[in-house]
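*Asks:* Next up, coords.cif (mmCIF, C-alpha atoms).
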```
data_upload
loop_
_atom_site.label_atom_id
_atom_site.label_comp_id
_atom_site.auth_asym_id
_atom_site.auth_seq_id
_atom_site.Cartn_x
_atom_site.Cartn_y
_atom_site.Cartn_z
CA MET A 13 10.62 -26.10 20.33
CA SER A 14 13.37 -24.62 22.48
CA GLU A 15 13.16 -24.52 26.31
CA ARG A 16 13.13 -20.73 26.13
CA ALA A 17 10.12 -20.74 23.82
CA MET A 18 8.21 -23.19 26.01
CA ALA A 19 8.95 -21.07 29.08
CA ASP A 20 7.76 -17.70 27.79
CA ASN A 21 5.33 -18.88 25.07
CA SER A 22 7.16 -16.89 22.41
CA LEU A 23 8.72 -18.34 19.30
CA SER A 24 11.67 -17.50 17.11
CA PHE A 25 10.68 -17.46 13.41
CA CYS A 26 12.84 -17.25 10.32
CA MET A 27 11.09 -16.16 7.13
CA VAL A 28 13.04 -17.10 3.99
CA THR A 29 11.88 -15.35 0.82
CA THR A 30 13.37 -14.10 -2.43
CA PHE A 31 11.40 -10.84 -2.24
CA TYR A 32 10.53 -8.66 0.75
CA PRO A 33 9.42 -5.01 0.90
CA PRO A 34 10.64 -2.63 -0.31
CA TYR A 35 12.44 -5.01 -2.71
CA HIS A 36 9.26 -6.60 -3.98
CA PHE A 37 6.63 -6.76 -6.72
CA GLY A 38 3.27 -7.39 -5.13
CA GLY A 39 0.83 -8.96 -2.74
CA GLU A 40 2.74 -12.08 -1.73
CA ALA A 41 5.72 -10.13 -0.40
CA MET A 42 3.30 -7.76 1.35
CA TYR A 43 1.75 -10.75 3.08
CA ILE A 44 5.18 -11.83 4.37
CA TYR A 45 5.80 -8.29 5.66
CA ARG A 46 2.42 -8.17 7.38
CA VAL A 47 2.59 -11.58 9.03
CA SER A 48 6.17 -10.98 10.20
CA ASN A 49 5.25 -7.73 11.90
CA GLU A 50 1.99 -9.08 13.33
CA LEU A 51 3.90 -11.96 14.91
CA ALA A 52 6.46 -9.52 16.27
CA GLU A 53 3.67 -7.35 17.71
CA ARG A 54 2.51 -10.40 19.66
CA GLY A 55 5.90 -10.97 21.27
CA HIS A 56 7.53 -13.40 18.86
CA ARG A 57 10.98 -12.78 17.36
CA VAL A 58 11.16 -12.78 13.57
CA THR A 59 14.19 -12.91 11.30
CA VAL A 60 13.62 -12.24 7.59
CA VAL A 61 16.13 -13.33 4.95
CA HIS A 62 15.71 -12.14 1.36
CA CYS A 63 17.75 -11.51 -1.79
CA VAL A 64 18.30 -7.97 -3.06
CA ASP A 65 20.21 -9.30 -6.08
CA ALA A 66 17.09 -11.10 -7.34
CA PHE A 67 15.02 -7.90 -7.24
CA ARG A 68 17.70 -5.88 -9.02
CA THR A 69 18.10 -8.59 -11.65
CA LEU A 70 14.41 -8.40 -12.56
CA THR A 71 13.92 -4.63 -12.55
CA LYS A 72 15.80 -1.35 -12.84
CA ALA A 73 13.13 0.36 -10.72
CA PRO A 74 14.07 1.55 -7.23
CA PRO A 75 12.77 -0.20 -4.11
CA ARG A 76 9.03 0.37 -3.64
CA GLY A 77 7.88 2.39 -0.63
CA GLU A 78 8.81 2.76 3.03
CA PHE A 79 8.24 -0.22 5.31
CA PRO A 80 9.02 0.25 8.99
CA GLN A 81 9.80 -2.93 10.93
CA HIS A 82 8.72 -3.82 14.45
CA GLU A 83 11.62 -3.88 16.91
CA ASN A 84 11.28 -7.68 17.13
CA VAL A 85 11.91 -8.05 13.38
CA THR A 86 15.45 -8.40 12.03
CA VAL A 87 15.93 -8.23 8.27
CA HIS A 88 18.94 -9.68 6.42
CA ARG A 89 19.18 -8.32 2.87
CA LEU A 90 21.52 -10.63 1.01
CA LYS A 91 23.74 -9.11 -1.68
CA SER A 92 26.58 -10.54 -3.71
CA ARG A 93 29.48 -8.62 -5.20
CA LEU A 94 28.68 -10.54 -8.39
CA GLY A 95 25.15 -9.15 -8.54
CA ALA A 96 22.91 -10.87 -11.09
CA LEU A 97 25.23 -13.88 -11.31
CA SER A 98 24.03 -15.01 -7.87
CA PRO A 99 20.33 -15.57 -8.76
CA LEU A 100 21.37 -16.98 -12.15
CA VAL A 101 23.50 -19.67 -10.46
CA THR A 102 20.56 -20.52 -8.22
CA TYR A 103 18.09 -20.60 -11.11
CA LEU A 104 20.24 -23.10 -12.98
CA SER A 105 21.39 -25.24 -10.04
CA GLY A 106 18.39 -25.23 -7.72
CA ARG A 107 20.68 -24.42 -4.79
CA PRO A 108 21.48 -21.20 -2.89
CA GLY A 109 24.89 -21.09 -4.57
CA LEU A 110 26.63 -17.78 -3.94
CA LYS A 111 24.20 -17.00 -1.10
CA SER A 112 25.17 -20.15 0.80
CA PRO A 113 27.89 -18.61 3.05
CA ALA A 114 25.58 -15.83 4.24
CA LEU A 115 22.73 -18.28 4.84
CA ARG A 116 24.99 -20.60 6.83
CA ARG A 117 26.12 -17.74 9.06
CA ILE A 118 22.52 -16.77 9.80
CA PHE A 119 21.41 -20.31 10.63
CA GLU A 120 24.53 -21.07 12.64
CA GLY A 121 24.05 -17.83 14.58
CA GLU A 122 20.58 -18.65 15.90
CA ARG A 123 18.48 -21.73 16.50
CA PHE A 124 15.00 -20.99 15.20
CA ASP A 125 11.82 -22.63 16.45
CA VAL A 126 10.07 -22.22 13.09
CA VAL A 127 11.54 -21.73 9.63
CA HIS A 128 8.91 -20.58 7.16
CA PHE A 129 9.83 -20.71 3.47
CA HIS A 130 7.92 -18.40 1.14
CA LEU A 131 9.02 -17.18 -2.29
CA VAL A 132 12.15 -19.31 -2.61
CA THR A 133 12.34 -19.41 -6.41
CA LEU A 134 15.75 -17.68 -6.45
CA PHE A 135 17.02 -19.48 -3.37
CA GLY A 136 16.24 -22.83 -4.98
CA PRO A 137 14.74 -25.96 -3.39
CA GLY A 138 18.15 -26.67 -1.85
CA VAL A 139 17.44 -23.94 0.70
CA LEU A 140 14.80 -26.19 2.31
CA GLU A 141 17.62 -28.25 3.81
CA LEU A 142 18.50 -25.37 6.15
CA GLY A 143 17.03 -25.02 9.62
CA GLY A 144 18.16 -28.19 11.35
CA ASP A 145 15.41 -29.63 13.55
CA ALA A 146 13.21 -26.51 13.44
CA LEU A 147 9.61 -26.83 12.37
CA LYS A 148 9.49 -26.12 8.65
CA LEU A 149 6.55 -24.52 6.86
CA TYR A 150 6.26 -23.64 3.19
CA THR A 151 3.57 -21.38 1.72
CA THR A 152 2.66 -22.04 -1.92
CA HIS A 153 2.32 -18.39 -2.95
CA ASP A 154 2.41 -19.57 -6.56
CA HIS A 155 2.53 -22.88 -8.45
CA TRP A 156 6.32 -22.99 -8.75
CA LEU A 157 6.58 -26.43 -7.13
CA VAL A 158 4.59 -27.93 -10.03
CA CYS A 159 5.25 -25.34 -12.77
CA PRO A 160 8.64 -23.86 -13.79
CA MET A 161 6.82 -20.68 -14.91
CA TYR A 162 4.98 -20.33 -11.57
CA ASP A 163 1.46 -19.66 -12.88
CA LEU A 164 0.24 -22.59 -15.02
CA TRP A 165 0.05 -20.19 -18.00
CA LYS A 166 1.23 -22.20 -20.99
CA GLN A 167 3.42 -20.53 -23.61
CA ASN A 168 1.96 -17.13 -22.60
CA ARG A 169 -1.33 -17.91 -24.30
CA GLU A 170 -3.48 -20.46 -22.44
CA LEU A 171 -4.11 -22.36 -19.22
CA CYS A 172 -1.82 -25.30 -18.70
CA GLU A 173 -3.99 -28.39 -18.61
CA LYS A 174 -1.48 -30.69 -20.35
CA PRO A 175 2.05 -29.82 -19.14
CA GLU A 176 4.88 -29.44 -21.65
CA CYS A 177 7.29 -27.80 -19.23
CA LEU A 178 10.48 -27.81 -21.28
CA ARG A 179 8.82 -26.41 -24.39
CA CYS A 180 6.92 -23.84 -22.32
CA THR A 181 10.08 -22.67 -20.54
CA LEU A 182 11.85 -22.18 -23.86
CA SER A 183 8.85 -20.26 -25.24
CA PHE A 184 9.45 -17.67 -22.50
CA HIS A 185 13.12 -17.46 -23.63
CA ARG A 186 14.39 -18.93 -20.37
CA PRO A 187 16.97 -21.67 -19.99
CA PRO A 188 15.61 -24.99 -18.70
CA GLN A 189 16.09 -25.82 -15.03
CA LEU A 190 17.76 -29.19 -15.41
CA TRP A 191 17.61 -29.83 -11.66
CA ARG A 192 13.85 -30.35 -12.09
CA TYR A 193 14.70 -33.59 -13.88
CA SER A 194 16.82 -34.87 -10.98
CA GLY A 195 15.66 -35.90 -7.52
CA LEU A 196 16.62 -32.58 -5.89
CA LEU A 197 13.12 -31.10 -5.62
CA GLU A 198 11.47 -34.20 -4.18
CA ARG A 199 14.26 -34.72 -1.65
CA ALA A 200 14.05 -31.10 -0.55
CA LEU A 201 10.26 -31.18 -0.21
CA GLY A 202 10.64 -34.04 2.24
CA GLU A 203 12.31 -31.56 4.64
CA VAL A 204 9.07 -29.58 5.05
CA ASP A 205 6.63 -30.48 7.83
CA LEU A 206 3.57 -28.70 6.44
CA PHE A 207 2.68 -26.83 3.25
CA LEU A 208 0.27 -23.90 3.51
CA ALA A 209 -1.93 -22.81 0.59
CA PRO A 210 -3.73 -19.45 0.34
CA SER A 211 -6.74 -21.03 -1.41
CA ARG A 212 -8.47 -24.37 -1.88
CA SER A 213 -7.96 -23.92 -5.60
CA THR A 214 -4.19 -23.92 -5.05
CA ILE A 215 -4.41 -27.21 -3.17
CA ASP A 216 -6.53 -28.68 -5.97
CA GLN A 217 -4.06 -27.65 -8.68
CA HIS A 218 -1.12 -29.13 -6.76
CA ARG A 219 -3.01 -32.39 -6.17
CA ARG A 220 -3.97 -32.60 -9.86
CA ARG A 221 -0.28 -32.51 -10.71
CA GLY A 222 0.76 -35.26 -8.31
CA PHE A 223 1.85 -33.20 -5.28
CA ASP A 224 1.11 -35.50 -2.32
CA HIS A 225 2.75 -33.69 0.62
CA PRO A 226 0.62 -32.51 3.59
CA MET A 227 -1.19 -29.25 2.75
CA ARG A 228 -3.41 -26.94 4.77
CA HIS A 229 -5.58 -24.04 3.64
CA LEU A 230 -4.44 -20.73 5.16
CA PRO A 231 -5.72 -17.66 3.29
CA TYR A 232 -3.97 -14.29 3.36
CA PHE A 233 -5.23 -11.32 5.37
CA LEU A 234 -5.48 -7.55 5.25
CA PRO A 235 -4.96 -5.71 8.57
CA LEU A 236 -7.96 -3.72 9.73
CA GLU A 237 -5.75 -0.69 10.31
CA GLU A 238 -4.76 -0.64 6.63
CA ALA A 239 -8.35 -1.11 5.48
CA THR A 240 -9.66 1.77 7.57
CA ALA A 241 -6.79 4.24 7.06
CA PRO A 242 -7.90 7.59 5.63
CA SER A 243 -8.07 7.94 1.87
CA ALA A 244 -6.19 10.65 0.02
CA PRO A 245 -7.62 14.09 0.77
CA GLY A 246 -9.42 15.93 -2.01
CA PRO A 247 -10.64 14.53 -5.32
CA VAL A 248 -8.99 11.46 -6.80
CA GLU A 249 -7.93 11.82 -10.40
CA GLY A 250 -9.70 9.38 -12.66
CA PRO A 251 -13.47 9.29 -12.13
CA ARG A 252 -15.52 11.72 -14.18
CA PRO A 253 -18.22 13.64 -12.29
CA GLY A 254 -21.62 12.04 -12.68
CA ARG A 255 -20.28 8.91 -14.38
CA PRO A 256 -20.37 5.51 -12.66
CA TYR A 257 -17.23 3.46 -13.09
CA PHE A 258 -15.88 -0.05 -12.76
CA LEU A 259 -12.32 -0.52 -11.55
CA PHE A 260 -9.49 -2.87 -12.53
CA VAL A 261 -6.43 -2.94 -10.24
CA GLY A 262 -3.33 -4.99 -10.96
CA ARG A 263 -0.20 -5.59 -12.99
CA LEU A 264 -0.64 -4.97 -16.69
CA VAL A 265 0.41 -8.37 -17.95
CA LYS A 266 -1.49 -10.60 -20.32
CA LEU A 267 -2.53 -13.25 -17.81
CA LYS A 268 -4.33 -10.69 -15.59
CA GLY A 269 -6.94 -10.30 -18.33
CA ALA A 270 -7.38 -6.52 -18.59
CA GLN A 271 -7.56 -6.93 -22.38
CA THR A 272 -10.79 -8.90 -21.99
CA LEU A 273 -12.34 -5.94 -20.16
CA ILE A 274 -11.41 -3.55 -22.95
CA ASP A 275 -13.11 -5.89 -25.41
CA ALA A 276 -16.22 -5.94 -23.20
CA PHE A 277 -16.32 -2.15 -22.92
CA ARG A 278 -16.53 -1.89 -26.70
CA ARG A 279 -20.06 -3.16 -26.17
CA TYR A 280 -20.75 -1.30 -22.93
CA ASP A 281 -20.64 2.46 -22.46
CA ALA A 282 -23.08 2.98 -19.58
CA ALA A 283 -20.09 3.37 -17.24
CA ASP A 284 -16.36 4.03 -17.40
CA LEU A 285 -13.58 1.49 -16.97
CA LEU A 286 -10.66 2.74 -14.87
CA ILE A 287 -7.44 0.72 -15.06
CA ALA A 288 -5.03 1.25 -12.15
CA GLY A 289 -1.60 -0.35 -12.50
CA ASP A 290 1.41 -0.64 -14.77
CA GLY A 291 3.36 -3.37 -16.47
CA ILE A 292 4.97 -4.66 -19.65
CA TYR A 293 1.59 -5.09 -21.38
CA GLY A 294 0.49 -1.51 -20.73
CA ASP A 295 1.38 -0.02 -24.12
CA GLU A 296 -0.44 -2.82 -25.94
CA LEU A 297 -3.54 -2.31 -23.79
CA GLU A 298 -3.57 1.42 -24.52
CA ARG A 299 -3.38 0.71 -28.23
CA GLN A 300 -6.24 -1.73 -27.87
CA ALA A 301 -8.34 0.91 -26.07
CA ALA A 302 -7.70 3.65 -28.66
CA GLY A 303 -10.94 5.46 -29.43
CA LEU A 304 -12.73 4.29 -26.27
CA ASP A 305 -13.11 7.51 -24.30
CA HIS A 306 -14.74 5.68 -21.40
CA VAL A 307 -11.66 3.47 -20.83
CA ARG A 308 -9.04 5.34 -18.83
CA PHE A 309 -5.53 4.37 -17.68
CA LEU A 310 -4.40 5.74 -14.30
CA GLY A 311 -0.95 4.15 -13.98
CA ARG A 312 0.27 3.21 -10.52
CA VAL A 313 -1.93 4.73 -7.83
CA HIS A 314 -0.84 5.49 -4.26
CA PRO A 315 -2.56 3.18 -1.72
CA GLU A 316 -4.34 6.11 -0.03
CA ALA A 317 -5.82 7.26 -3.33
CA LEU A 318 -6.56 3.68 -4.30
CA ARG A 319 -8.81 3.21 -1.27
CA ALA A 320 -10.92 6.12 -2.47
CA LEU A 321 -11.13 4.59 -5.95
CA TYR A 322 -12.27 1.28 -4.49
CA ALA A 323 -14.91 2.95 -2.37
CA GLY A 324 -16.39 4.90 -5.29
CA ALA A 325 -16.51 2.07 -7.83
CA THR A 326 -19.73 0.35 -8.77
CA ALA A 327 -17.69 -2.85 -8.58
CA VAL A 328 -14.10 -4.03 -8.91
CA LEU A 329 -13.48 -6.31 -11.89
CA VAL A 330 -11.14 -9.31 -11.52
CA PRO A 331 -10.78 -10.91 -14.98
CA SER A 332 -7.77 -13.16 -14.34
CA LEU A 333 -7.08 -15.79 -16.99
CA VAL A 334 -5.06 -18.12 -14.74
CA TYR A 335 -5.41 -20.13 -11.56
CA GLU A 336 -4.53 -17.36 -9.11
CA THR A 337 -3.48 -18.55 -5.66
CA PHE A 338 -5.47 -15.80 -3.91
CA GLY A 339 -7.20 -12.50 -4.62
CA PHE A 340 -5.74 -9.55 -2.70
CA ILE A 341 -7.66 -7.15 -4.93
CA THR A 342 -10.91 -8.72 -3.74
CA LEU A 343 -9.95 -8.21 -0.09
CA GLU A 344 -9.02 -4.59 -0.72
CA ALA A 345 -12.37 -4.01 -2.44
CA LEU A 346 -14.42 -5.71 0.27
CA ALA A 347 -12.57 -3.74 2.94
CA GLN A 348 -14.11 -0.62 1.34
CA ARG A 349 -17.57 -2.29 1.09
CA THR A 350 -17.32 -2.53 -2.70
CA PRO A 351 -18.39 -5.79 -4.40
CA VAL A 352 -16.33 -7.64 -6.98
CA ILE A 353 -17.17 -9.26 -10.29
CA ALA A 354 -14.64 -12.04 -10.83
CA THR A 355 -14.04 -14.78 -13.31
CA GLU A 356 -15.05 -18.22 -12.05
CA LEU A 357 -11.47 -19.41 -12.41
CA GLY A 358 -9.29 -20.40 -9.47
CA ALA A 359 -8.96 -18.50 -6.23
CA VAL A 360 -10.53 -15.24 -7.45
CA GLY A 361 -13.84 -16.99 -8.10
CA GLU A 362 -13.48 -18.95 -4.88
CA LEU A 363 -13.02 -15.80 -2.82
CA ALA A 364 -15.90 -13.95 -4.49
CA ARG A 365 -18.24 -16.85 -3.72
CA GLU A 366 -17.03 -17.55 -0.18
CA SER A 367 -17.15 -13.90 0.86
CA GLY A 368 -20.71 -13.45 -0.39
CA GLY A 369 -19.46 -10.10 -1.64
CA GLY A 370 -19.35 -10.63 -5.36
CA LEU A 371 -20.62 -12.11 -8.59
CA THR A 372 -18.75 -14.48 -10.89
CA TYR A 373 -18.85 -14.91 -14.64
CA ARG A 374 -17.71 -17.35 -17.33
CA GLY A 375 -17.76 -15.22 -20.44
CA GLU A 376 -18.26 -11.72 -21.79
CA ASP A 377 -22.06 -11.87 -21.86
CA GLU A 378 -22.20 -12.91 -18.19
CA LEU A 379 -19.71 -10.14 -17.32
CA LEU A 380 -21.83 -7.49 -19.02
CA ALA A 381 -24.99 -8.77 -17.35
CA ALA A 382 -23.34 -8.67 -13.91
CA MET A 383 -22.06 -5.12 -14.46
CA GLU A 384 -25.48 -3.91 -15.56
CA ARG A 385 -27.16 -5.53 -12.53
CA LEU A 386 -24.88 -3.69 -10.11
CA ARG A 387 -25.13 -0.41 -12.02
CA THR A 388 -28.93 -0.44 -12.05
CA GLU A 389 -29.57 -2.07 -8.66
CA PRO A 390 -27.83 0.04 -6.01
CA GLY A 391 -29.49 -2.00 -3.28
CA LEU A 392 -27.79 -5.14 -4.56
CA ARG A 393 -24.43 -3.37 -4.68
CA GLU A 394 -24.86 -2.25 -1.07
CA GLU A 395 -25.99 -5.71 0.06
CA LEU A 396 -23.02 -7.45 -1.53
CA GLY A 397 -20.59 -4.83 -0.23
CA GLU A 398 -21.83 -5.12 3.36
CA ARG A 399 -21.88 -8.91 3.25
CA GLY A 400 -18.37 -9.03 1.83
CA HIS A 401 -17.06 -6.53 4.36
CA ALA A 402 -18.46 -8.56 7.25
CA ALA A 403 -16.81 -11.71 5.88
CA TYR A 404 -13.50 -9.87 5.47
CA VAL A 405 -13.50 -8.75 9.12
CA GLU A 406 -14.51 -12.17 10.39
CA ARG A 407 -12.27 -14.34 8.20
CA TRP A 408 -9.51 -12.36 6.48
CA SER A 409 -8.32 -9.75 8.99
CA GLU A 410 -5.29 -10.18 11.25
CA GLU A 411 -6.79 -11.83 14.35
CA PRO A 412 -8.42 -14.83 12.64
CA HIS A 413 -5.35 -15.22 10.45
CA LEU A 414 -2.86 -15.28 13.31
CA GLU A 415 -5.01 -17.76 15.20
CA GLN A 416 -5.02 -20.09 12.20
CA TYR A 417 -1.32 -19.50 11.54
CA LEU A 418 -0.25 -20.47 15.04
CA ASP A 419 -2.57 -23.48 14.89
CA ALA A 420 -0.72 -24.50 11.71
CA VAL A 421 2.53 -24.28 13.69
CA ALA A 422 0.98 -26.55 16.32
CA GLU A 423 -0.15 -28.96 13.60
CA ALA A 424 3.36 -29.07 12.13
CA ARG A 425 4.76 -29.76 15.59
CA GLU A 426 2.33 -32.65 16.06
CA ARG A 427 3.20 -34.03 12.65
CA LYS A 428 6.89 -33.88 13.55
CA ARG A 429 6.13 -35.92 16.66
CA GLY A 430 4.23 -38.48 14.60
CA ILE A 431 0.77 -37.26 15.58
CA VAL A 432 -1.37 -36.89 12.44
CA ARG A 433 -4.59 -34.92 12.73
CA GLU A 434 -7.77 -35.93 11.01
CA PRO A 435 -7.75 -34.18 7.62
CA VAL A 436 -9.70 -30.92 7.44
CA PRO A 437 -11.84 -30.58 4.28
CA ALA A 438 -9.96 -28.27 1.90
#
```
Let me see whether you can do it: turn the structure in this file into C-alpha cells.

*Replies:*
Amino acid sequence: MSERAMADNSLSFCMVTTFYPPYHFGGEAMYIYRVSNELAERGHRVTVVHCVDAFRTLTKAPPRGEFPQHENVTVHRLKSRLGALSPLVTYLSGRPGLKSPALRRIFEGERFDVVHFHLVTLFGPGVLELGGDALKLYTTHDHWLVCPMYDLWKQNRELCEKPECLRCTLSFHRPPQLWRYSGLLERALGEVDLFLAPSRSTIDQHRRRGFDHPMRHLPYFLPLEEATAPSAPGPVEGPRPGRPYFLFVGRLVKLKGAQTLIDAFRRYDAADLLIAGDGIYGDELERQAAGLDHVRFLGRVHPEALRALYAGATAVLVPSLVYETFGFITLEALAQRTPVIATELGAVGELARESGGGLTYRGEDELLAAMERLRTEPGLREELGERGHAAYVERWSEEPHLEQYLDAVAEARERKRGIVREPVPA
C-alpha cells in the first residue's frame, strides 16, 4: 500500500473488465459499476478500464442505459482503429494485443494500491501481469478459468461433467484458444493474490476441475436505494386483472431454462407465466408457447416497471440449467418481498436456500407442486418474502458487501506479506 493510502485511509483501485455499463450485457457488469461507485462514495479513488471494441463485436445494439459516475471514478473506454480485430487477436493469443499500448499508459500513469480483475475474457490472461506490486484480486464472475465457453454448458445441450473442451469449442463454431494448451494461463494466475467467488457453488466447481489457487466467497449485492426506488407509475403491461402470475426474468437463451417453464405450463393453467427479457432463443420460445394463452412474452422491461412486476408476482421462477455463479434475479425478487422458486442447481439453489426466501425443485413435478403451494397459501408466500427480504438487507445490500470486500483486500495484503489466515468454510 502506498504511503498516501496509509496516511488518509483511502485506496486507489483499478477495475479491469471487458464490459462495463453502458457497454454491457448483464448483472456482472452492473456489479462492477455498483462496487466501483460505492467505493468512490466512501472516499476511495477508482479507475475503470474496459473494452468498447469487445461490446461492439458481440452486438449491433447501442449502449444500454445511462450510468452516471461518482466524481472519484475515472473510466477509460479502450477503442482500436481496427475495431473487431482487437478482441479477436486477444481471443486467439490470450494477451491484450492491440490494447497493450493503452493499458501500459494507464498503468505507467498511476500506481494503484489494488488492481481488481473482473471480466477479462477479451483482455486475456496476459493482462494479469499488469499492476506491478499492487494487490491483485480476481472475481470469478463465470467459469472461464476452467471452461473456454464460460458456463460449463457442454455443446449447448447439457451440463459439463466430463470436459471435452476442444470439441465443445468447435461445436459453438468458435476457433480453439491454443494458448490454453500452453503454460500462459497458469503463469498468469500466479500473479493474483486472491480470487473472489460470488457463490460457494462457484468455488466447488473450480475445485472439482483442479483450480487450487486461494479463493474466498464474496457474494454480489443490490443497493438498498435501487431496491426501494419507486416503480413505474400506473399499470404495468403484462398481468391480466384478477389472474395470479409467475414471473421469469432473464436472457432468452437455452441454458437459462425458460423452455422448461413453457413445458410445465402446458400442465398448469391456474396462473399465468410472464416472461420478461429478450435474446437469441426468443423466437423459438414463442413458437414453443403457441396456443398457450396464459404464457405471455413482455420483451425487455424497464427496471422501474420490472420492480412492479416482481412485487405483484406470486413467485419468481429461476429454472437455470447450468451452474450459475450467482442469482441477481433472486436478489431483485427478494428486495420486493417476493419469494423465488429455483432449480436446485448451482448458485441459484444455494441463494434460495440461504436466504430462506424461496423453494427449490429438481424436476417438473416438484416445480408444479411448489407453484401450487404458493398460489394457494398466501401466508406462506408472505412468510418467505419477508424472510428473504430481511436476509437481503442483512447480507446482500451495500454495507455488508463493502465490509467484506475491504476485508478481502486486507486478506490479500496479509497473503502478500506471507501471513496466511485460517481458511474460512466456503

*Asks:* I want to know what sits within 12 Å of Pro80 (chain A), based on only C-alpha atoms, with residues of the same chain fewer than 3 positions away left out; could you give that as a list in words?

*Replies:*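 Returned residues: Pro33, Pro34, Tyr45, Arg46, Ser48, Asn49, Gly77, Glu83, Asn84, Val85, Thr86 and Val87 of chain A.
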
*Asks:* Check the smallest atom-to-atom distance from each of A:His155, A:Lys72, A:Lys266, A:Arg299 to Asp216 (chain A) using only C-alpha atoms, then report the winner.

*Replies:* A:His155

*Asks:* To test your reading of the syntax: which residues would the PyMOL selection byres ((chain A and resi 352) around 9) return for the file shown? Reply as a short mmCIF file (atom, residue, chain, number, x, y, z; two decimals) with C-alpha atoms, in the coordinates of the input.

*Replies:*
```cif
data_model
loop_
_atom_site.label_atom_id
_atom_site.label_comp_id
_atom_site.auth_asym_id
_atom_site.auth_seq_id
_atom_site.Cartn_x
_atom_site.Cartn_y
_atom_site.Cartn_z
CA THR A 326 -19.73 0.35 -8.77
CA ALA A 327 -17.69 -2.85 -8.58
CA VAL A 328 -14.10 -4.03 -8.91
CA LEU A 329 -13.48 -6.31 -11.89
CA VAL A 330 -11.14 -9.31 -11.52
CA ILE A 341 -7.66 -7.15 -4.93
CA THR A 342 -10.91 -8.72 -3.74
CA ALA A 345 -12.37 -4.01 -2.44
CA LEU A 346 -14.42 -5.71 0.27
CA THR A 350 -17.32 -2.53 -2.70
CA PRO A 351 -18.39 -5.79 -4.40
CA ILE A 353 -17.17 -9.26 -10.29
CA ALA A 354 -14.64 -12.04 -10.83
CA ALA A 364 -15.90 -13.95 -4.49
CA GLY A 369 -19.46 -10.10 -1.64
CA GLY A 370 -19.35 -10.63 -5.36
CA LEU A 371 -20.62 -12.11 -8.59
CA THR A 372 -18.75 -14.48 -10.89
CA LEU A 396 -23.02 -7.45 -1.53
CA GLY A 397 -20.59 -4.83 -0.23
#
```

*Asks:* Write out as a tab-separated table (two decimals) with C-alpha atoms, in the frame of the given file which residues come within 9 Å of region 422-424 of chain A when counting all atoms listed in the file, dropping same-chain ones fewer than 6 positions away.

*Replies:*
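Result file follows (part_18.tsv):
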```
chain	number	residue	atom	x	y	z
A	147	LEU	CA	9.61	-26.83	12.37
A	148	LYS	CA	9.49	-26.12	8.65
A	149	LEU	CA	6.55	-24.52	6.86
A	205	ASP	CA	6.63	-30.48	7.83
A	206	LEU	CA	3.57	-28.70	6.44
A	431	ILE	CA	0.77	-37.26	15.58
A	432	VAL	CA	-1.37	-36.89	12.44
A	433	ARG	CA	-4.59	-34.92	12.73
```

*Asks:* In terms of the shortest atom-to-atom distance over all atoms listed in the file, which of A:Asp65, A:Glu298, A:Glu426, A:Asp125 is closest to Phe31 (chain A)?

*Replies:* A:Asp65

*Asks:* Nearest residue to Val64 (chain A) out of A:Arg199, A:Lys91, A:Arg169, A:His306, using all atoms listed in the file?

*Replies:*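 Checking each candidate against Val64 (chain A), we get A:Lys91 as the closest.
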
*Asks:* Identify, on the basis of all atoms listed in the file, every residue whose closest approach to region 132-136 of chain A does not exceed 6 Å; exclude the query and any residue fewer than 3 positions from it along the same chain; express the result as a ChimeraX atom specification.

*Replies:* /A:29-30,99,102-103,106-108,139

*Asks:* Please complete region 131-142 of chain A so it has N, CA and C atoms, and hand it over as an mmCIF file, keeping the file's coordinate frame.

*Replies:*
```cif
data_model
loop_
_atom_site.group_PDB
_atom_site.id
_atom_site.type_symbol
_atom_site.label_atom_id
_atom_site.label_comp_id
_atom_site.auth_asym_id
_atom_site.auth_seq_id
_atom_site.Cartn_x
_atom_site.Cartn_y
_atom_site.Cartn_z
ATOM 1 N N LEU A 131 8.667 -17.289 -0.878
ATOM 2 C CA LEU A 131 9.020 -17.180 -2.290
ATOM 3 C C LEU A 131 10.491 -17.570 -2.462
ATOM 4 N N VAL A 132 10.761 -18.857 -2.615
ATOM 5 C CA VAL A 132 12.150 -19.310 -2.610
ATOM 6 C C VAL A 132 12.655 -19.617 -4.017
ATOM 7 N N THR A 133 11.977 -19.082 -5.026
ATOM 8 C CA THR A 133 12.340 -19.410 -6.410
ATOM 9 C C THR A 133 13.804 -19.124 -6.707
ATOM 10 N N LEU A 134 14.351 -18.022 -6.180
ATOM 11 C CA LEU A 134 15.750 -17.680 -6.450
ATOM 12 C C LEU A 134 16.648 -17.933 -5.243
ATOM 13 N N PHE A 135 16.164 -18.799 -4.333
ATOM 14 C CA PHE A 135 17.020 -19.480 -3.370
ATOM 15 C C PHE A 135 17.177 -20.943 -3.767
ATOM 16 N N GLY A 136 16.205 -21.444 -4.523
ATOM 17 C CA GLY A 136 16.240 -22.830 -4.980
ATOM 18 C C GLY A 136 15.715 -23.794 -3.935
ATOM 19 N N PRO A 137 15.244 -24.981 -4.360
ATOM 20 C CA PRO A 137 14.740 -25.960 -3.390
ATOM 21 C C PRO A 137 15.805 -26.423 -2.413
ATOM 22 N N GLY A 138 17.082 -26.285 -2.774
ATOM 23 C CA GLY A 138 18.150 -26.670 -1.850
ATOM 24 C C GLY A 138 18.114 -25.910 -0.543
ATOM 25 N N VAL A 139 17.491 -24.729 -0.528
ATOM 26 C CA VAL A 139 17.440 -23.940 0.700
ATOM 27 C C VAL A 139 16.581 -24.619 1.762
ATOM 28 N N LEU A 140 15.693 -25.521 1.351
ATOM 29 C CA LEU A 140 14.800 -26.190 2.310
ATOM 30 C C LEU A 140 15.565 -27.101 3.254
ATOM 31 N N GLU A 141 16.816 -27.401 2.934
ATOM 32 C CA GLU A 141 17.620 -28.250 3.810
ATOM 33 C C GLU A 141 18.127 -27.495 5.034
ATOM 34 N N LEU A 142 18.034 -26.168 5.021
ATOM 35 C CA LEU A 142 18.500 -25.370 6.150
ATOM 36 C C LEU A 142 17.477 -25.408 7.288
#
```
